[in-house]
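A.B. asks: Next up is a structure, given as structure tokens.
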Amino acid sequence: MTPAASSAIATAAQLAAGKLDATTLLADTLARIDAQDAALGAFVALLSPSAAREQLAQLREAGGPLQGLPVAVKDIFDTAGLPTSYGSALYAGAQPRCDAAIVSVIRRAGGLVIGKSSTTEFAFLHPTATRNPNAPGRTPGGSSAGSAAAVAAGLVPFAVGTQTGGSIIRPASYCGVTGFKPSFGLLPTAGLKCFSWSLDTVGLFARNVAEVAWFSQAVSGHALALPAAQSTPAASSRPWVVGVPDAYPWGPVSPSAQRAIDAGSRALRAAGARVLGITLPAWMKDVFEAQDVIQGYEAWRALAREVDLLARQPEALSAILRDYLITASRISAPAYEAAQQTARQGRQACADWFGQFDVLMTPSAPDEAPPGYGSTGASTFNRAWTLLGLPCVNVAGAVGVNGLPMGLQVIGAPRADHACLEAADFLERSLRAT
């Protein structure tokens, strides 16, 4: 079994035991990227082989659980050793002087930041050139398109992205990989090109839940890793109670999303979980609408420099971002404060609400990945949970009506990241057993 095909956790153990040389793993990784990424477009910048080997030598001296495993970092984070363009021609070739905090954290944990993965323009909606390796002819989603695609194609075991609306969970769903959006603040945002300071959340991608949990522990320091994988889903730490909403205030459930929910519900019941039909509280609609107000108000201010360029450089921003920001400029301070109050009330209500069940299970996206590359899809099934700061995991394994990836989103209680990952792992193993 090659390093590309084996478990990242097992590969780290081989590296630690001296059974695999990190330079061999590096050469294998660079060869895969060289062979596949011209067609995939997951990366916008890569370390040169010599620079990668030099960093690898430094990582050996520092140690760390990642043991030199390669990591792709979304090109919305500053990197001193790689250009950072934020997905915008305005910053093409720009070279930051400092690393973002998450980049430093990865290196401290022994990870090799091998390259920058593509992002939509300033992590909004203008599509990247990245293709979906598991749904040909369809979008990989956004804004963390390159991160999801790089993991889905097996180019790297781990990648870092961000979510302001649905930019971790949605591309993970479309590409058929695991995406983890942790509780707000679990991973640092310093050095991230801000879009919305109240909402921007750093998240992670891996091939399965156990690996994303292990990676999360390595870079956060929190006890998030799961016990060694069990052969059957019945080996669980608790009798799970999983809430499944009967309807959503942001729109109907598509046939593909319903097919995935039905498959997940059957698998959970077969594994011994209790699946509880629930009605979302009335305040969920208000929370969903508040997310858009907060995001718009803050984006207009976070991108003030770029907005100021529009008068003399109308082409400085894509039409979709330009029009969004112009509309957002009309959001008043009182409307913003009211939305923040709605967010605070929703977060306070969550603790009591989650007393009825351990986790929620919802669709990760409205549907399978949309055909073509003109849109990155919609974040409607993610925005409320992002605003509430709840941990969310996209669990791969279900498919839509066309047989393409259709993720299931596991949503945990406030600050219950470990339990959320446990439940997601249980769902993943339950799906595999059916």
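Residues are named by chain letter and number: chains run A, B, ... in the order of the structure tokens, numbers start at 1 in each chain, and ligands are numbered from 1 in the order shown.
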As an MDAnalysis selection string, which residues of stretch 109-339 of chain A does DSSP assign to helix (DSSP H, G or I)?

C.D. replies: chainID A and resid 121:123 145:152 169:175 209:220 255:270 283:302 304:308 314:316 319:328 333:339

A.B. asks: What does the file look like for those residues with C-alpha atoms, as a PDB file, in the first residue's frame?

C.D. replies:
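Saved result, out33.pdb, follows:
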ATOM      1  CA  GLU A 121     -12.297  35.545  -4.921  1.00  0.00           C
ATOM      2  CA  PHE A 122     -11.910  36.713  -1.293  1.00  0.00           C
ATOM      3  CA  ALA A 123     -13.721  33.497  -0.290  1.00  0.00           C
ATOM      4  CA  ALA A 145     -12.676  24.527  -3.676  1.00  0.00           C
ATOM      5  CA  GLY A 146      -9.015  23.607  -3.963  1.00  0.00           C
ATOM      6  CA  SER A 147      -8.766  22.234  -0.443  1.00  0.00           C
ATOM      7  CA  ALA A 148     -11.708  19.865  -0.921  1.00  0.00           C
ATOM      8  CA  ALA A 149     -10.578  18.783  -4.396  1.00  0.00           C
ATOM      9  CA  ALA A 150      -6.956  18.192  -3.351  1.00  0.00           C
ATOM     10  CA  VAL A 151      -8.047  15.779  -0.618  1.00  0.00           C
ATOM     11  CA  ALA A 152     -10.721  14.146  -2.791  1.00  0.00           C
ATOM     12  CA  ILE A 169     -19.262  21.666   4.439  1.00  0.00           C
ATOM     13  CA  ARG A 170     -20.609  22.362   0.933  1.00  0.00           C
ATOM     14  CA  PRO A 171     -17.428  21.598  -1.086  1.00  0.00           C
ATOM     15  CA  ALA A 172     -16.806  18.554   1.121  1.00  0.00           C
ATOM     16  CA  SER A 173     -20.306  17.349   0.220  1.00  0.00           C
ATOM     17  CA  TYR A 174     -19.852  17.965  -3.501  1.00  0.00           C
ATOM     18  CA  CYS A 175     -16.405  16.322  -3.627  1.00  0.00           C
ATOM     19  CA  VAL A 209     -13.868  11.399  10.091  1.00  0.00           C
ATOM     20  CA  ALA A 210     -11.201   9.608  12.129  1.00  0.00           C
ATOM     21  CA  GLU A 211      -8.472  11.350  10.147  1.00  0.00           C
ATOM     22  CA  VAL A 212     -10.012  14.820  10.376  1.00  0.00           C
ATOM     23  CA  ALA A 213     -10.451  14.333  14.141  1.00  0.00           C
ATOM     24  CA  TRP A 214      -6.796  13.287  14.486  1.00  0.00           C
ATOM     25  CA  PHE A 215      -5.659  16.251  12.380  1.00  0.00           C
ATOM     26  CA  SER A 216      -7.863  18.579  14.434  1.00  0.00           C
ATOM     27  CA  GLN A 217      -6.238  17.451  17.650  1.00  0.00           C
ATOM     28  CA  ALA A 218      -2.772  17.845  16.174  1.00  0.00           C
ATOM     29  CA  VAL A 219      -3.329  21.483  15.209  1.00  0.00           C
ATOM     30  CA  SER A 220      -5.646  22.608  18.017  1.00  0.00           C
ATOM     31  CA  PRO A 255     -34.859  14.455  -3.961  1.00  0.00           C
ATOM     32  CA  SER A 256     -31.086  13.918  -3.661  1.00  0.00           C
ATOM     33  CA  ALA A 257     -30.958  15.413  -0.182  1.00  0.00           C
ATOM     34  CA  GLN A 258     -33.971  13.351   0.917  1.00  0.00           C
ATOM     35  CA  ARG A 259     -32.381  10.200  -0.475  1.00  0.00           C
ATOM     36  CA  ALA A 260     -29.247  10.878   1.576  1.00  0.00           C
ATOM     37  CA  ILE A 261     -31.235  11.601   4.749  1.00  0.00           C
ATOM     38  CA  ASP A 262     -33.227   8.395   4.296  1.00  0.00           C
ATOM     39  CA  ALA A 263     -30.025   6.375   3.796  1.00  0.00           C
ATOM     40  CA  GLY A 264     -28.439   7.933   6.865  1.00  0.00           C
ATOM     41  CA  SER A 265     -31.525   7.365   8.998  1.00  0.00           C
ATOM     42  CA  ARG A 266     -31.759   3.695   7.986  1.00  0.00           C
ATOM     43  CA  ALA A 267     -28.075   3.146   8.670  1.00  0.00           C
ATOM     44  CA  LEU A 268     -28.266   4.790  12.086  1.00  0.00           C
ATOM     45  CA  ARG A 269     -31.318   2.793  13.145  1.00  0.00           C
ATOM     46  CA  ALA A 270     -29.684  -0.430  11.985  1.00  0.00           C
ATOM     47  CA  TRP A 283     -36.145  31.419  15.897  1.00  0.00           C
ATOM     48  CA  MET A 284     -34.117  29.382  13.388  1.00  0.00           C
ATOM     49  CA  LYS A 285     -35.566  31.432  10.510  1.00  0.00           C
ATOM     50  CA  ASP A 286     -34.482  34.636  12.248  1.00  0.00           C
ATOM     51  CA  VAL A 287     -30.990  33.232  12.794  1.00  0.00           C
ATOM     52  CA  PHE A 288     -30.711  32.246   9.141  1.00  0.00           C
ATOM     53  CA  GLU A 289     -31.680  35.734   8.002  1.00  0.00           C
ATOM     54  CA  ALA A 290     -29.374  37.384  10.551  1.00  0.00           C
ATOM     55  CA  GLN A 291     -26.370  35.592   9.068  1.00  0.00           C
ATOM     56  CA  ASP A 292     -26.792  37.398   5.762  1.00  0.00           C
ATOM     57  CA  VAL A 293     -27.115  40.794   7.456  1.00  0.00           C
ATOM     58  CA  ILE A 294     -24.023  40.301   9.604  1.00  0.00           C
ATOM     59  CA  GLN A 295     -21.953  38.932   6.743  1.00  0.00           C
ATOM     60  CA  GLY A 296     -22.878  41.790   4.406  1.00  0.00           C
ATOM     61  CA  TYR A 297     -22.334  44.577   6.931  1.00  0.00           C
ATOM     62  CA  GLU A 298     -18.916  43.242   7.864  1.00  0.00           C
ATOM     63  CA  ALA A 299     -17.794  42.359   4.336  1.00  0.00           C
ATOM     64  CA  TRP A 300     -18.412  45.946   3.162  1.00  0.00           C
ATOM     65  CA  ARG A 301     -16.000  47.092   5.859  1.00  0.00           C
ATOM     66  CA  ALA A 302     -13.497  44.237   5.753  1.00  0.00           C
ATOM     67  CA  ALA A 304     -12.889  48.625   2.240  1.00  0.00           C
ATOM     68  CA  ARG A 305      -9.553  48.878   0.408  1.00  0.00           C
ATOM     69  CA  GLU A 306     -10.788  46.748  -2.465  1.00  0.00           C
ATOM     70  CA  VAL A 307     -14.106  48.620  -2.643  1.00  0.00           C
ATOM     71  CA  ASP A 308     -12.244  51.932  -2.836  1.00  0.00           C
ATOM     72  CA  PRO A 314     -14.304  48.854 -12.166  1.00  0.00           C
ATOM     73  CA  GLU A 315     -12.820  45.474 -13.136  1.00  0.00           C
ATOM     74  CA  ALA A 316     -10.993  45.184  -9.788  1.00  0.00           C
ATOM     75  CA  ALA A 319     -19.450  41.447 -10.941  1.00  0.00           C
ATOM     76  CA  ILE A 320     -20.943  39.056  -8.394  1.00  0.00           C
ATOM     77  CA  LEU A 321     -18.801  40.400  -5.545  1.00  0.00           C
ATOM     78  CA  ARG A 322     -19.082  44.032  -6.651  1.00  0.00           C
ATOM     79  CA  ASP A 323     -22.878  43.890  -6.764  1.00  0.00           C
ATOM     80  CA  TYR A 324     -23.024  42.069  -3.434  1.00  0.00           C
ATOM     81  CA  LEU A 325     -20.890  44.695  -1.721  1.00  0.00           C
ATOM     82  CA  ILE A 326     -22.861  47.586  -3.195  1.00  0.00           C
ATOM     83  CA  THR A 327     -26.051  46.035  -1.824  1.00  0.00           C
ATOM     84  CA  ALA A 328     -24.350  45.304   1.501  1.00  0.00           C
ATOM     85  CA  ALA A 333     -25.856  49.916  11.873  1.00  0.00           C
ATOM     86  CA  PRO A 334     -29.192  49.388  13.702  1.00  0.00           C
ATOM     87  CA  ALA A 335     -30.015  46.456  11.385  1.00  0.00           C
ATOM     88  CA  TYR A 336     -26.586  44.978  12.105  1.00  0.00           C
ATOM     89  CA  GLU A 337     -27.031  45.357  15.865  1.00  0.00           C
ATOM     90  CA  ALA A 338     -30.456  43.726  15.667  1.00  0.00           C
ATOM     91  CA  ALA A 339     -28.963  40.798  13.733  1.00  0.00           C
TER      92      ALA A 339
END

A.B. asks: Report as an NGL selection string all protein, DNA and RNA residues lying within 9 Å of A:Ser7, evaluated on only C-alpha atoms, omitting residues in the same chain fewer than 5 positions from it.

C.D. replies: :A and (12 or 157 or 207 or 211)

A.B. asks: Need the shell around A:Leu25: protein/DNA/RNA residues with any atom at most 12 Å away, counting only C-alpha atoms. Skip same-chain ones fewer than 2 positions apart. Format as a count of residues only?

C.D. replies: 33

A.B. asks: DSSP says strand (DSSP E) for which residues of stretch 242-400 of chain A? Put them as a ChimeraX atom specification?

C.D. replies: /A:242-245,274-278,359-363,392-395

A.B. asks: Would you mind exporting the chosen residues as a PDB file, in the first residue's frame, restricted to C-alpha atoms?

C.D. replies:
ATOM      1  CA  VAL A 242     -30.009  11.923  16.354  1.00  0.00           C
ATOM      2  CA  GLY A 243     -32.471  14.680  15.546  1.00  0.00           C
ATOM      3  CA  VAL A 244     -33.646  14.987  11.929  1.00  0.00           C
ATOM      4  CA  PRO A 245     -35.660  18.119  11.081  1.00  0.00           C
ATOM      5  CA  ARG A 274     -32.515   6.487  17.894  1.00  0.00           C
ATOM      6  CA  VAL A 275     -33.522   8.782  15.036  1.00  0.00           C
ATOM      7  CA  LEU A 276     -35.865  11.472  16.288  1.00  0.00           C
ATOM      8  CA  GLY A 277     -38.003  13.561  13.953  1.00  0.00           C
ATOM      9  CA  ILE A 278     -37.993  17.180  15.127  1.00  0.00           C
ATOM     10  CA  VAL A 359     -26.664  15.801  17.441  1.00  0.00           C
ATOM     11  CA  LEU A 360     -28.631  16.898  14.407  1.00  0.00           C
ATOM     12  CA  MET A 361     -28.404  15.313  10.960  1.00  0.00           C
ATOM     13  CA  THR A 362     -29.297  17.435   7.932  1.00  0.00           C
ATOM     14  CA  PRO A 363     -28.293  17.594   4.273  1.00  0.00           C
ATOM     15  CA  CYS A 392     -20.417  20.615  11.953  1.00  0.00           C
ATOM     16  CA  VAL A 393     -19.019  17.652  10.021  1.00  0.00           C
ATOM     17  CA  ASN A 394     -19.774  16.631   6.464  1.00  0.00           C
ATOM     18  CA  VAL A 395     -20.014  12.842   6.371  1.00  0.00           C
TER      19      VAL A 395
END

A.B. asks: By how many Å are atom CA of A:Gly111 and atom CA of A:Leu59 apart?

C.D. replies: 7.5 Å

A.B. asks: Which of these, A:Pro96, A:Pro65, A:Gly115, A:Pro188, has the shortest distance to A:Leu47 once you count only C-alpha atoms?

C.D. replies: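 Ranked by minimum distance to A:Leu47, first place goes to A:Gly115.
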
A.B. asks: Any idea what the distance is between atom CA of A:Leu125 and atom CA of A:Ala378?

C.D. replies: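 Straight-line distance from atom CA of A:Leu125 to atom CA of A:Ala378 works out to 9.3 Å.
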
A.B. asks: Of the candidates A:Gly41, A:Pro281, A:Gly87, A:Gly377, which one gets nearest to A:Leu317 if we count only C-alpha atoms?

C.D. replies: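 The closest residue to A:Leu317 is A:Gly87.
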
A.B. asks: Quote the spacing between atom CA of A:Gly142 and atom CA of A:Ala94 in Å to one decimal place.

C.D. replies: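 Separation between atom CA of A:Gly142 and atom CA of A:Ala94: 22.1 Å.
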
A.B. asks: Please determine, counting only C-alpha atoms, which residue among A:Tyr86, A:Gly191, A:Thr120, A:Ser143 has the shortest atom-to-atom distance to A:Val105.

C.D. replies: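 The answer is A:Gly191, which sits nearest to A:Val105.
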
A.B. asks: Write out as a PyMOL selection string each polymer residue whose atoms come within 7 Å of A:Gly64, counting only C-alpha atoms; drop sequence neighbours fewer than 6 positions from it.

C.D. replies: chain A and resi 108-110

A.B. asks: Looking at A:Pro366, A:Gly400, A:Gly93, A:Pro83, which one is nearest to A:Trp250, with distances taken over only C-alpha atoms?

C.D. replies: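 Under the stated criterion, the closest residue is A:Pro366.
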
A.B. asks: For A:Pro370, which residue out of A:Gly141, A:Phe357, A:Asp352, A:Gly272 is the nearest one, using only C-alpha atoms?

C.D. replies: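 Using only C-alpha atoms, the shortest distance to A:Pro370 belongs to A:Gly141.
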
A.B. asks: List every residue of stretch 145-174 of chain A that has an atom at most 9 Å from any atom of stretch 181-187 of chain A, giving for each one its closest atom pair and the distance in Å to one decimal, counting only C-alpha atoms, sorted by chain and then by ascending residue number, as a Markdown table.

C.D. replies:
| residue | atom | partner | partner_atom | distance |
| --- | --- | --- | --- | --- |
| A:Thr162 | CA | A:Lys181 | CA | 8.0 |
| A:Gln163 | CA | A:Lys181 | CA | 7.2 |
| A:Ile168 | CA | A:Lys181 | CA | 6.4 |
| A:Ile169 | CA | A:Lys181 | CA | 7.1 |

A.B. asks: Write the selection just made, keeping all heavy atoms, as a PDB file, in the first residue's frame?

C.D. replies:
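Result file is selection_0.pdb:
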ATOM      1  N   THR A 162     -11.805  27.601   4.998  1.00  0.00           N
ATOM      2  CA  THR A 162     -12.557  28.508   5.873  1.00  0.00           C
ATOM      3  C   THR A 162     -14.033  28.413   5.533  1.00  0.00           C
ATOM      4  O   THR A 162     -14.411  28.009   4.436  1.00  0.00           O
ATOM      5  CB  THR A 162     -12.109  29.977   5.703  1.00  0.00           C
ATOM      6  OG1 THR A 162     -12.360  30.397   4.349  1.00  0.00           O
ATOM      7  CG2 THR A 162     -10.644  30.156   6.032  1.00  0.00           C
ATOM      8  N   GLN A 163     -14.857  28.804   6.503  1.00  0.00           N
ATOM      9  CA  GLN A 163     -16.303  28.859   6.281  1.00  0.00           C
ATOM     10  C   GLN A 163     -16.862  30.124   6.916  1.00  0.00           C
ATOM     11  O   GLN A 163     -16.665  30.369   8.103  1.00  0.00           O
ATOM     12  CB  GLN A 163     -16.992  27.626   6.863  1.00  0.00           C
ATOM     13  CG  GLN A 163     -18.511  27.648   6.704  1.00  0.00           C
ATOM     14  CD  GLN A 163     -19.139  26.275   6.793  1.00  0.00           C
ATOM     15  OE1 GLN A 163     -18.686  25.326   6.148  1.00  0.00           O
ATOM     16  NE2 GLN A 163     -20.198  26.147   7.589  1.00  0.00           N
ATOM     17  N   ILE A 168     -16.834  25.153   3.970  1.00  0.00           N
ATOM     18  CA  ILE A 168     -16.188  23.877   4.292  1.00  0.00           C
ATOM     19  C   ILE A 168     -17.141  22.727   3.957  1.00  0.00           C
ATOM     20  O   ILE A 168     -16.818  21.807   3.206  1.00  0.00           O
ATOM     21  CB  ILE A 168     -15.794  23.800   5.786  1.00  0.00           C
ATOM     22  CG1 ILE A 168     -14.719  24.826   6.123  1.00  0.00           C
ATOM     23  CG2 ILE A 168     -15.336  22.386   6.149  1.00  0.00           C
ATOM     24  CD1 ILE A 168     -13.343  24.492   5.643  1.00  0.00           C
ATOM     25  N   ILE A 169     -18.325  22.792   4.520  1.00  0.00           N
ATOM     26  CA  ILE A 169     -19.262  21.666   4.439  1.00  0.00           C
ATOM     27  C   ILE A 169     -19.755  21.451   3.014  1.00  0.00           C
ATOM     28  O   ILE A 169     -19.858  20.305   2.553  1.00  0.00           O
ATOM     29  CB  ILE A 169     -20.450  21.907   5.393  1.00  0.00           C
ATOM     30  CG1 ILE A 169     -19.947  22.058   6.847  1.00  0.00           C
ATOM     31  CG2 ILE A 169     -21.455  20.762   5.292  1.00  0.00           C
ATOM     32  CD1 ILE A 169     -19.218  20.860   7.390  1.00  0.00           C
TER      33      ILE A 169
END
